[in-house]
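Chemist: Input structure: run.csv, which contains CSV, C-alpha atoms.
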chain,number,residue,atom,x,y,z
F,1,MET,CA,107.3,108.0,295.2
F,2,ARG,CA,103.7,108.7,296.4
F,3,THR,CA,100.4,107.6,295.1
F,4,TYR,CA,97.8,110.2,294.0
F,5,LEU,CA,94.2,110.0,292.9
F,6,CYS,CA,93.7,112.8,290.3
F,7,VAL,CA,90.1,113.9,289.6
F,8,ARG,CA,88.8,116.5,287.1
F,9,VAL,CA,85.3,117.6,286.2
F,10,LEU,CA,84.4,116.8,282.6
F,11,LEU,CA,82.5,119.4,280.6
F,12,GLY,CA,80.2,118.5,277.7
F,13,ASP,CA,76.7,117.3,276.9
F,14,GLN,CA,77.5,113.6,277.1
F,15,TYR,CA,76.6,111.8,280.4
F,16,PHE,CA,77.9,108.4,281.4
F,17,PRO,CA,75.4,106.7,283.8
F,18,THR,CA,77.9,104.1,284.7
F,19,THR,CA,81.7,104.1,285.0
F,20,LYS,CA,83.6,103.8,281.7
F,21,SER,CA,87.2,102.6,281.8
F,22,MET,CA,90.0,103.2,279.3
F,23,GLY,CA,93.2,101.6,280.6
F,24,THR,CA,94.2,103.6,283.7
F,25,VAL,CA,91.5,106.3,283.2
F,26,ASP,CA,87.9,106.1,284.4
F,27,ILE,CA,84.9,108.3,283.7
F,28,ARG,CA,82.2,108.1,286.3
F,29,PRO,CA,79.0,109.9,287.3
F,30,SER,CA,79.1,112.3,290.3
F,31,ARG,CA,76.3,110.7,292.4
F,32,ASN,CA,78.6,108.5,294.5
F,33,GLU,CA,80.9,111.3,295.6
F,34,LEU,CA,81.7,111.7,299.3
F,35,PRO,CA,81.1,115.0,301.1
F,36,PHE,CA,84.9,115.8,301.4
F,37,GLU,CA,85.2,115.3,297.6
F,38,GLN,CA,82.3,117.6,296.9
F,39,LYS,CA,83.8,120.3,299.2
F,40,ALA,CA,87.2,120.1,297.4
F,41,LEU,CA,85.5,120.4,294.0
F,42,LEU,CA,83.5,123.4,295.1
F,43,GLU,CA,86.6,125.1,296.4
F,44,SER,CA,88.4,124.4,293.2
F,45,LEU,CA,85.4,125.8,291.2
F,46,LYS,CA,85.6,129.0,293.2
F,47,ASN,CA,89.3,129.4,292.5
F,48,THR,CA,89.6,128.3,288.9
F,49,SER,CA,86.2,128.7,287.2
F,50,PRO,CA,83.9,131.0,289.2
F,51,ARG,CA,81.7,131.7,286.1
F,52,LEU,CA,81.2,128.0,285.3
F,53,GLU,CA,77.7,126.7,285.7
F,54,SER,CA,76.8,124.0,288.3
F,55,ILE,CA,79.1,120.9,288.2
F,56,GLU,CA,76.8,118.8,290.3
F,57,LYS,CA,75.6,116.6,287.3
F,58,LYS,CA,78.9,116.7,285.4
F,59,CYS,CA,80.9,113.5,285.0
F,60,ARG,CA,84.3,113.1,286.6
F,61,ILE,CA,87.4,111.8,284.9
F,62,LEU,CA,90.0,110.2,287.2
F,63,THR,CA,93.2,108.2,287.3
F,64,ILE,CA,95.9,107.1,289.8
F,65,VAL,CA,99.5,108.0,289.3
F,66,GLU,CA,102.8,107.5,291.2
F,67,THR,CA,105.1,110.5,291.3
F,68,ASN,CA,107.3,112.4,293.7
F,69,LYS,CA,105.3,115.7,293.7
F,70,VAL,CA,101.7,116.8,293.5
F,71,GLU,CA,102.6,119.0,290.5
F,72,GLU,CA,104.0,116.0,288.6
F,73,ALA,CA,100.9,114.0,289.4
F,74,HIS,CA,98.8,116.8,287.9
F,75,GLN,CA,100.9,117.0,284.7
F,76,GLU,CA,100.9,113.2,284.2
F,77,SER,CA,97.2,112.9,284.8
F,78,GLN,CA,96.6,115.7,282.2
F,79,LEU,CA,98.4,113.7,279.5
F,80,LEU,CA,96.4,110.5,280.4
F,81,PHE,CA,93.1,112.4,280.5
F,82,GLU,CA,93.6,114.0,277.1
F,83,GLU,CA,94.6,110.8,275.4
F,84,ALA,CA,91.7,108.9,276.9
F,85,LEU,CA,89.2,111.6,275.8
F,86,ASP,CA,90.5,111.2,272.2
F,87,MET,CA,89.6,107.6,272.3
F,88,TYR,CA,86.2,108.1,274.0
F,89,GLU,CA,84.8,109.9,270.9
F,90,PRO,CA,83.4,106.6,269.4
F,91,TYR,CA,81.0,106.4,272.3
F,92,SER,CA,79.5,109.7,271.3
F,93,HIS,CA,79.4,109.1,267.6
F,94,PHE,CA,81.4,112.3,267.1
F,95,ILE,CA,78.4,114.4,268.2
F,96,SER,CA,79.0,115.1,271.8
F,97,LYS,CA,82.0,117.2,272.9
F,98,ASN,CA,83.9,116.3,276.1
F,99,GLN,CA,86.4,118.7,277.5
F,100,LEU,CA,88.5,118.9,280.7
F,101,SER,CA,87.7,121.7,283.0
F,102,LYS,CA,90.1,123.2,285.5
F,103,VAL,CA,87.9,122.0,288.4
F,104,GLY,CA,89.3,119.1,290.2
F,105,TYR,CA,91.4,117.8,293.1
F,106,ILE,CA,94.4,115.6,293.9
F,107,LEU,CA,94.1,113.1,296.8
F,108,ASP,CA,97.3,111.7,298.4
F,109,LEU,CA,96.3,108.1,299.0
F,110,GLU,CA,98.9,107.7,301.7
F,111,SER,CA,98.2,110.7,303.9
F,112,PHE,CA,94.6,111.2,302.6
F,113,ILE,CA,95.3,114.9,302.3
F,114,ILE,CA,93.1,116.4,299.5
F,115,ILE,CA,94.3,119.3,297.5
F,116,PRO,CA,91.8,121.3,295.4
F,117,LEU,CA,93.1,122.4,292.0
F,118,THR,CA,93.8,126.2,291.7
F,119,ASP,CA,95.1,128.3,288.8
F,120,LYS,CA,98.7,127.7,289.8
F,121,PHE,CA,98.4,124.1,288.6
F,122,PHE,CA,97.7,125.4,285.0
F,123,ARG,CA,100.5,127.8,284.7
F,124,PRO,CA,103.2,126.9,282.1
F,125,GLN,CA,106.0,124.9,283.7
F,126,ARG,CA,109.6,125.7,282.9
F,127,ASN,CA,112.2,123.0,282.5
F,128,SER,CA,109.7,120.3,283.1
F,129,SER,CA,111.3,116.9,282.6
F,130,PHE,CA,108.5,114.6,283.6
F,131,SER,CA,107.7,111.6,281.4
F,132,ALA,CA,104.5,109.9,280.6
F,133,LEU,CA,103.5,107.2,283.2
F,134,VAL,CA,103.7,103.6,282.1
F,135,ILE,CA,101.5,101.2,283.9
F,136,ASP,CA,102.5,97.5,284.0
F,137,GLU,CA,99.3,96.2,285.4
F,138,GLU,CA,96.6,94.5,283.3
F,139,TYR,CA,93.1,95.9,282.9
F,140,PRO,CA,90.0,94.1,281.7
F,141,VAL,CA,89.3,94.7,278.0
F,142,ILE,CA,85.8,95.9,277.4
F,143,ASP,CA,85.8,96.6,273.6
F,144,LEU,CA,88.2,97.0,270.7
F,145,TYR,CA,88.7,100.7,271.4
F,146,GLN,CA,90.1,100.0,274.8
F,147,TYR,CA,92.1,97.1,273.5
F,148,ALA,CA,93.8,99.4,270.9
F,149,TYR,CA,94.3,102.0,273.6
F,150,SER,CA,96.0,99.5,275.9
F,151,LEU,CA,98.5,98.7,273.1
F,152,ALA,CA,99.4,102.3,272.5
F,153,ARG,CA,101.8,102.4,275.4
F,154,PHE,CA,104.0,99.8,273.7
F,155,GLY,CA,104.8,102.2,270.9
F,156,TYR,CA,103.3,100.3,268.0
F,157,THR,CA,103.2,102.7,265.1
F,158,GLY,CA,99.8,101.6,263.8
F,159,VAL,CA,98.2,102.0,267.2
F,160,ARG,CA,99.8,105.3,267.9
F,161,ALA,CA,98.6,106.5,264.5
F,162,PHE,CA,95.1,105.5,265.5
F,163,VAL,CA,95.3,107.5,268.8
F,164,ARG,CA,96.7,110.5,266.9
F,165,ALA,CA,93.9,110.3,264.4
F,166,PHE,CA,91.3,110.5,267.1
F,167,ASN,CA,93.1,113.5,268.6
F,168,TRP,CA,92.6,115.3,265.3
F,169,ILE,CA,89.0,114.3,265.0
F,170,ARG,CA,88.2,115.6,268.5
F,171,LYS,CA,90.0,118.9,267.7
F,172,SER,CA,87.8,119.2,264.6
F,173,GLN,CA,84.7,118.8,266.7
F,174,ASN,CA,85.6,121.9,268.7
F,175,GLU,CA,86.2,124.2,265.8
F,176,LEU,CA,83.6,126.6,264.4
F,177,ASP,CA,85.4,127.4,261.1
F,178,VAL,CA,84.5,124.8,258.5
F,179,ASN,CA,87.9,125.2,256.8
F,180,ILE,CA,89.8,124.3,259.9
F,181,ARG,CA,87.3,121.4,260.7
F,182,PHE,CA,87.9,120.1,257.2
F,183,LEU,CA,91.7,120.4,257.6
F,184,PHE,CA,91.7,118.5,260.9
F,185,LYS,CA,89.6,115.7,259.5
F,186,TRP,CA,91.9,115.4,256.5
F,187,ILE,CA,94.9,115.3,258.7
F,188,ALA,CA,93.2,112.6,260.8
F,189,LEU,CA,93.1,110.4,257.7
F,190,GLU,CA,96.7,111.3,256.8
F,191,SER,CA,97.7,110.1,260.3
F,192,LEU,CA,96.3,106.7,259.4
F,193,PHE,CA,97.4,106.2,255.8
F,194,LYS,CA,100.3,108.6,255.0
F,195,LEU,CA,103.5,106.8,255.9
F,196,GLN,CA,105.8,109.0,253.8
F,197,SER,CA,105.4,112.7,253.0
F,198,SER,CA,104.9,111.8,249.3
F,199,ASP,CA,102.2,109.2,249.9
F,200,ASP,CA,98.7,109.9,248.3
F,201,ILE,CA,95.8,109.0,250.6
F,202,ILE,CA,93.2,109.5,247.9
F,203,PRO,CA,93.1,105.7,247.0
F,204,TYR,CA,92.5,104.9,250.7
F,205,ILE,CA,89.7,107.5,251.2
F,206,SER,CA,88.0,106.2,248.0
F,207,LEU,CA,88.4,102.6,249.2
F,208,LEU,CA,86.8,103.5,252.6
F,209,LEU,CA,83.8,105.1,250.8
F,210,GLY,CA,83.2,102.0,248.7
F,211,PHE,CA,84.9,103.1,245.5
F,212,PRO,CA,88.2,101.2,245.2
F,213,LEU,CA,90.6,102.6,242.6
F,214,THR,CA,93.1,100.6,240.5
F,215,LYS,CA,95.5,100.3,243.4
F,216,HIS,CA,93.0,98.2,245.4
F,217,GLU,CA,90.4,97.1,242.8
F,218,ARG,CA,92.7,94.4,241.4
F,219,LEU,CA,93.2,93.0,245.0
F,220,ILE,CA,89.5,92.7,245.9
F,221,ALA,CA,87.5,89.6,245.1
F,222,ARG,CA,85.9,89.8,241.7
F,223,PRO,CA,82.3,89.1,242.9
F,224,ILE,CA,82.5,92.1,245.1
F,225,ILE,CA,83.7,94.4,242.3
F,226,GLN,CA,81.0,93.0,240.0
F,227,ALA,CA,78.4,93.8,242.6
F,228,LEU,CA,79.6,97.3,242.9
F,229,MET,CA,79.4,97.8,239.2
F,230,LEU,CA,75.7,97.0,239.3
F,231,ILE,CA,75.0,100.1,241.4
F,232,PRO,CA,73.4,102.7,239.0
F,233,ASN,CA,76.0,105.2,237.7
F,234,TYR,CA,78.7,103.6,239.8
F,235,ARG,CA,81.6,104.6,237.5
F,236,THR,CA,80.3,108.1,237.1
F,237,TRP,CA,80.1,108.5,240.9
F,238,ARG,CA,83.6,107.1,241.2
F,239,SER,CA,85.0,109.6,238.7
F,240,TRP,CA,83.1,112.4,240.5
F,241,LEU,CA,84.6,111.3,243.8
F,242,VAL,CA,88.2,111.2,242.5
F,243,ARG,CA,87.8,114.8,241.2
F,244,LYS,CA,86.4,116.0,244.5
F,245,LEU,CA,89.2,114.3,246.5
F,246,GLN,CA,91.8,115.8,244.3
F,247,PHE,CA,90.2,119.2,244.8
F,248,MET,CA,90.1,118.6,248.6
F,249,ARG,CA,93.8,117.6,248.6
F,250,SER,CA,94.6,120.9,246.9
F,251,LEU,CA,92.3,122.8,249.3
F,252,ARG,CA,94.1,121.2,252.3
F,253,ASN,CA,97.4,122.5,251.0
F,254,ASN,CA,96.0,126.0,250.3
F,255,ILE,CA,94.5,126.3,253.8
F,256,VAL,CA,97.8,125.3,255.4
F,257,HIS,CA,100.0,127.5,253.3
F,258,ASN,CA,97.7,130.5,253.6
F,259,GLY,CA,97.4,130.5,257.3
F,260,PHE,CA,93.7,129.5,257.7
F,261,ARG,CA,92.4,132.4,255.8
F,262,THR,CA,88.9,132.2,254.5
F,263,HIS,CA,88.7,130.6,251.1
F,264,GLU,CA,86.4,131.1,248.2
F,265,THR,CA,84.9,127.6,248.5
F,266,ASP,CA,81.2,128.0,249.4
F,267,LYS,CA,79.9,126.7,252.7
F,268,LYS,CA,77.6,124.1,251.1
F,269,THR,CA,80.6,122.6,249.3
F,270,MET,CA,82.6,122.5,252.6
F,271,ILE,CA,79.7,120.8,254.4
F,272,ARG,CA,79.7,118.1,251.6
F,273,PHE,CA,83.4,117.6,252.1
F,274,LEU,CA,83.0,117.2,255.8
F,275,LYS,CA,80.3,114.6,255.3
F,276,ILE,CA,82.6,112.7,252.9
F,277,LEU,CA,85.6,112.7,255.3
F,278,THR,CA,83.4,111.8,258.3
F,279,SER,CA,82.1,108.8,256.4
F,280,ALA,CA,85.6,107.8,255.4
F,281,PHE,CA,86.9,108.0,258.9
F,282,SER,CA,84.0,106.1,260.3
F,283,CYS,CA,84.9,103.2,258.0
F,284,ALA,CA,88.6,103.6,258.6
F,285,LYS,CA,88.3,103.2,262.4
F,286,ASP,CA,86.3,100.0,261.9
F,287,PHE,CA,88.8,98.5,259.5
F,288,TYR,CA,91.7,99.6,261.7
F,289,LEU,CA,90.2,98.1,264.8
F,290,GLU,CA,89.5,94.8,263.0
F,291,LEU,CA,93.1,94.7,261.8
F,292,VAL,CA,94.5,95.4,265.3
F,293,ARG,CA,92.3,92.7,266.7
F,294,ASP,CA,93.8,90.4,264.0
F,295,GLY,CA,97.3,91.2,265.2
F,296,TYR,CA,98.3,94.0,262.8
F,297,VAL,CA,99.8,96.7,265.0
F,298,GLU,CA,102.4,98.5,262.8
F,299,SER,CA,101.3,101.2,260.4
F,300,SER,CA,102.9,99.7,257.3
F,301,ASP,CA,101.2,96.3,257.9
F,302,ILE,CA,97.8,97.9,258.5
F,303,VAL,CA,98.0,100.2,255.4
F,304,ASP,CA,99.1,97.3,253.2
F,305,SER,CA,96.3,95.1,254.5
F,306,ILE,CA,93.4,97.6,254.7
F,307,TYR,CA,91.9,96.3,251.5
F,308,THR,CA,91.4,92.8,253.0
F,309,LYS,CA,88.5,94.3,255.1
F,310,PHE,CA,86.7,95.4,251.9
F,311,ASP,CA,83.8,92.9,251.8
F,312,LEU,CA,80.1,92.7,250.8
F,313,ARG,CA,79.1,95.2,253.4
F,314,MET,CA,80.9,97.8,251.4
F,315,ILE,CA,78.2,97.6,248.7
F,316,ASP,CA,75.7,99.0,251.0
F,317,ARG,CA,78.2,101.6,252.2
F,318,ALA,CA,78.8,102.8,248.6
F,319,LYS,CA,75.1,103.1,248.1
F,320,PHE,CA,74.7,105.0,251.4
F,321,ASN,CA,77.5,107.4,250.5
F,322,ILE,CA,75.9,108.2,247.1
F,323,THR,CA,72.6,109.2,248.7
F,324,ASN,CA,73.8,110.5,252.0
F,325,SER,CA,77.4,111.7,251.8
F,326,PHE,CA,77.8,112.9,248.2
F,327,VAL,CA,74.4,114.7,248.2
F,328,LEU,CA,73.4,117.3,250.8
F,329,SER,CA,70.0,117.2,252.6
F,330,PRO,CA,68.1,119.9,254.4
F,331,TYR,CA,68.8,118.1,257.7
F,332,ASP,CA,72.6,118.4,257.6
F,333,THR,CA,72.5,121.2,260.2
F,334,HIS,CA,75.0,119.5,262.6
F,335,PHE,CA,77.7,120.0,260.0
F,336,GLN,CA,77.2,123.8,259.9
Take the structure in the file and write it out as structure tokens.
Modeler:
Amino acid sequence: MRTYLCVRVLLGDQYFPTTKSMGTVDIRPSRNELPFEQKALLESLKNTSPRLESIEKKCRILTIVETNKVEEAHQESQLLFEEALDMYEPYSHFISKNQLSKVGYILDLESFIIIPLTDKFFRPQRNSSFSALVIDEEYPVIDLYQYAYSLARFGYTGVRAFVRAFNWIRKSQNELDVNIRFLFKWIALESLFKLQSSDDIIPYISLLLGFPLTKHERLIARPIIQALMLIPNYRTWRSWLVRKLQFMRSLRNNIVHNGFRTHETDKKTMIRFLKILTSAFSCAKDFYLELVRDGYVESSDIVDSIYTKFDLRMIDRAKFNITNSFVLSPYDTHFQ
């Protein structure tokens, strides 16, 4: 086994002025690179992405792996990088888009031979039998996102669902078609709350938006429910939301079964749906992280306990969703 440092250039409009760590993966600025590293990256740029703009100010993503071959080091680092980027989305509030470029290098930390990445590293591998790297070392916890990510390697179903959900959210950010973006956001929420194929996630989405249905309403403290009912037209908005979510569920199935063909739903309606799902996922990730912090790591336990995080703050969330998520404004251009 040899030890390799794997480095890739990160594309996107988000800049990290200081190093960010996520388990075994770091994202760092480029300003501290040594000349031999810069030379290797420029050689990789010439071989893999000659049309790419300057990489001088782009951040670098890196990790250290132990494998028998350089190719295996590249493959394992690719898995670690993709998973870490899925979890880095919270830092950008789902606005910035970070993507791996092909530009990078692998440094053998024993011989100090540096190998610029070329196109051959990105060709499909046949009969590849490598497994994801498991690191037994402990890393300092910076925030709840990193704490959750550190637990994912133990196979807890709730934490793995959390990681998968962020993967779908990041995929949605890279899509131009609003139908596919809507589908990916819906699937992200399914990843969190759909334990069986027959499960209905509408009660959970409604709960996350501040409108608990019968399934959860009877479990939430009465003073909170009474405060919600004081919101003007609350019951009317709740009925409206249920109808929209039922339509969205039907739309999700139609998109899947019809192969992503354009549907008759107008663009403004789709933008409204994207706002609703974005708001629901924003609350879901907060609730999920709080439950993981409290020791709930399996999907069934988290789903069954999600209502316990519904407190007085949800009154303001319900009001916010009525005025900002359910109703479109002229400034919603970032959803288009």
Chemist: Give me the residues within 9 Å of stretch 107-112 of chain F as a PyMOL selection string, counting all atoms listed in the file and dropping any in the same chain fewer than 3 places off.
Modeler: chain F and resi 2-7+70+115-116
Chemist: Do you have the atom CA of F:Phe281-atom CA of F:Leu208 distance handy?
Modeler: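 Taking atom CA of F:Phe281 as the start and atom CA of F:Leu208 as the end point, the length is 7.7 Å.
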Chemist: Please provide as an MDAnalysis selection string all residues within 10 Å of F:Asp200, with the sequence filter that same-chain residues fewer than 4 positions apart are discarded (counting all atoms listed in the file).
Modeler: chainID F and resid 190 193:196 204:205 246 249
Chemist: Out of F:Ser325, F:Thr214, F:Asn68, F:Ser44, which residue has the shortest atom-to-atom distance to F:Ser279 when counting all atoms listed in the file?
Modeler: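 Nearest candidate to F:Ser279 out of F:Ser325, F:Thr214, F:Asn68, F:Ser44: F:Ser325.
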Chemist: Quick one, how far is atom CA of F:Val9 from atom CA of F:Gly104?
Modeler: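 Atom CA of F:Gly104 lies 5.9 Å from atom CA of F:Val9.
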Chemist: Between F:Thr24, F:Asn174, F:Thr48, F:Thr236, which is the closest to F:Arg153 once you count only C-alpha atoms?
Modeler: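 Looking only at the distances to F:Arg153, the closest residue turns out to be F:Thr24.
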Chemist: Compile the contact shell of F:Phe211 as an NGL selection string: residues with an atom at most 9 Å away, counting all atoms listed in the file, same-chain residues fewer than 2 positions apart removed.
Modeler: :F and (203 or 205-209 or 213 or 217 or 228 or 234-235 or 237-238 or 241 or 314 or 318)
Chemist: Mind pulling up the distance from atom CA of F:Lys185 to atom CA of F:Trp168?
Modeler: 6.5 Å
Chemist: Please determine, counting only C-alpha atoms, which residue among F:Ala188, F:Leu79, F:Cys59, F:Leu85 has the shortest atom-to-atom distance to F:Phe16.
Modeler: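 Among the listed residues, F:Cys59 lies closest to F:Phe16.
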Chemist: Which residue gives the smallest distance to F:Lys215 among F:Phe36, F:Phe287, F:Tyr307, F:Phe182, with all atoms listed in the file counted?
Modeler: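 Of F:Phe36, F:Phe287, F:Tyr307, F:Phe182, the one nearest F:Lys215 is F:Tyr307, counting all atoms listed in the file.
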Chemist: Check the smallest atom-to-atom distance from each of F:Ile255, F:Leu45, F:Leu312, F:Ala152 to F:Glu83 using all atoms listed in the file, then report the winner.
Modeler: F:Ala152
Chemist: Of the residues F:Leu230, F:Thr157, F:Asn258, F:Asn179, which is the one nearest to F:Tyr296, using all atoms listed in the file?
Modeler: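 Of the candidates, the smallest distance to F:Tyr296 is held by F:Thr157.
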Chemist: Mind checking which residues fall within 9 Å of F:Ser299, counting all atoms listed in the file, ignoring those fewer than 4 positions away in the same chain, and posting them as a PDB file with C-alpha atoms, in the frame of the given file?
Modeler:
ATOM      1  CA  TYR F 156     103.300 100.300 268.000  1.00  0.00           C
ATOM      2  CA  THR F 157     103.200 102.700 265.100  1.00  0.00           C
ATOM      3  CA  GLY F 158      99.800 101.600 263.800  1.00  0.00           C
ATOM      4  CA  VAL F 159      98.200 102.000 267.200  1.00  0.00           C
ATOM      5  CA  ARG F 160      99.800 105.300 267.900  1.00  0.00           C
ATOM      6  CA  ALA F 161      98.600 106.500 264.500  1.00  0.00           C
ATOM      7  CA  LEU F 192      96.300 106.700 259.400  1.00  0.00           C
ATOM      8  CA  PHE F 193      97.400 106.200 255.800  1.00  0.00           C
ATOM      9  CA  LEU F 195     103.500 106.800 255.900  1.00  0.00           C
ATOM     10  CA  VAL F 303      98.000 100.200 255.400  1.00  0.00           C
ATOM     11  CA  ASP F 304      99.100  97.300 253.200  1.00  0.00           C
TER      12      ASP F 304
END
Chemist: At a cut-off of 12 Å around the point (78.4, 114.0, 289.3) (file coordinates), what residues fall inside when counting all atoms listed in the file? I'd like the answer as a list in words.
Modeler: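 The answer, in the requested form, is Val7, Arg8, Val9, Leu10, Leu11, Tyr15, Phe16, Pro17, Thr18, Thr19, Ile27, Arg28, Pro29, Ser30, Arg31, Asn32, Glu33, Leu34, Glu37, Gln38, Leu41, Ser54, Ile55, Glu56, Lys57, Lys58, Cys59, Arg60 and Ile61 of chain F.
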Chemist: Any chance you could build stretch 160-182 of chain F out to N, CA and C atoms and write it as a tab-separated table (two decimals), in the frame of the given file?
Modeler:
chain	number	residue	atom	x	y	z
F	160	ARG	N	99.59	103.87	267.60
F	160	ARG	CA	99.80	105.30	267.90
F	160	ARG	C	99.20	106.18	266.86
F	161	ALA	N	99.25	105.76	265.59
F	161	ALA	CA	98.60	106.50	264.50
F	161	ALA	C	97.10	106.61	264.77
F	162	PHE	N	96.53	105.52	265.24
F	162	PHE	CA	95.10	105.50	265.50
F	162	PHE	C	94.74	106.47	266.63
F	163	VAL	N	95.56	106.54	267.66
F	163	VAL	CA	95.30	107.50	268.80
F	163	VAL	C	95.47	108.92	268.26
F	164	ARG	N	96.49	109.18	267.44
F	164	ARG	CA	96.70	110.50	266.90
F	164	ARG	C	95.51	110.96	266.04
F	165	ALA	N	95.00	110.02	265.25
F	165	ALA	CA	93.90	110.30	264.40
F	165	ALA	C	92.66	110.77	265.19
F	166	PHE	N	92.40	110.09	266.28
F	166	PHE	CA	91.30	110.50	267.10
F	166	PHE	C	91.49	111.83	267.77
F	167	ASN	N	92.75	112.15	268.04
F	167	ASN	CA	93.10	113.50	268.60
F	167	ASN	C	92.66	114.56	267.60
F	168	TRP	N	92.98	114.37	266.31
F	168	TRP	CA	92.60	115.30	265.30
F	168	TRP	C	91.10	115.41	265.09
F	169	ILE	N	90.43	114.26	265.16
F	169	ILE	CA	89.00	114.30	265.00
F	169	ILE	C	88.33	115.05	266.16
F	170	ARG	N	88.82	114.85	267.37
F	170	ARG	CA	88.20	115.60	268.50
F	170	ARG	C	88.52	117.07	268.39
F	171	LYS	N	89.71	117.44	267.88
F	171	LYS	CA	90.00	118.90	267.70
F	171	LYS	C	89.03	119.45	266.64
F	172	SER	N	88.71	118.68	265.61
F	172	SER	CA	87.80	119.20	264.60
F	172	SER	C	86.41	119.46	265.12
F	173	GLN	N	85.99	118.66	266.08
F	173	GLN	CA	84.70	118.80	266.70
F	173	GLN	C	84.53	120.12	267.46
F	174	ASN	N	85.67	120.64	267.90
F	174	ASN	CA	85.60	121.90	268.70
F	174	ASN	C	85.87	123.13	267.94
F	175	GLU	N	85.96	123.02	266.61
F	175	GLU	CA	86.20	124.20	265.80
F	175	GLU	C	84.90	124.67	265.11
F	176	LEU	N	84.75	125.97	265.01
F	176	LEU	CA	83.60	126.60	264.40
F	176	LEU	C	83.85	126.82	262.88
F	177	ASP	N	85.08	127.12	262.53
F	177	ASP	CA	85.40	127.40	261.10
F	177	ASP	C	85.44	126.11	260.34
F	178	VAL	N	84.61	126.05	259.28
F	178	VAL	CA	84.50	124.80	258.50
F	178	VAL	C	85.81	124.49	257.79
F	179	ASN	N	86.60	125.49	257.45
F	179	ASN	CA	87.90	125.20	256.80
F	179	ASN	C	88.83	124.50	257.73
F	180	ILE	N	88.88	124.90	258.98
F	180	ILE	CA	89.80	124.30	259.90
F	180	ILE	C	89.24	122.86	260.28
F	181	ARG	N	87.91	122.74	260.40
F	181	ARG	CA	87.30	121.40	260.70
F	181	ARG	C	87.67	120.45	259.54
F	182	PHE	N	87.55	120.93	258.31
F	182	PHE	CA	87.90	120.10	257.20
F	182	PHE	C	89.38	119.71	257.22
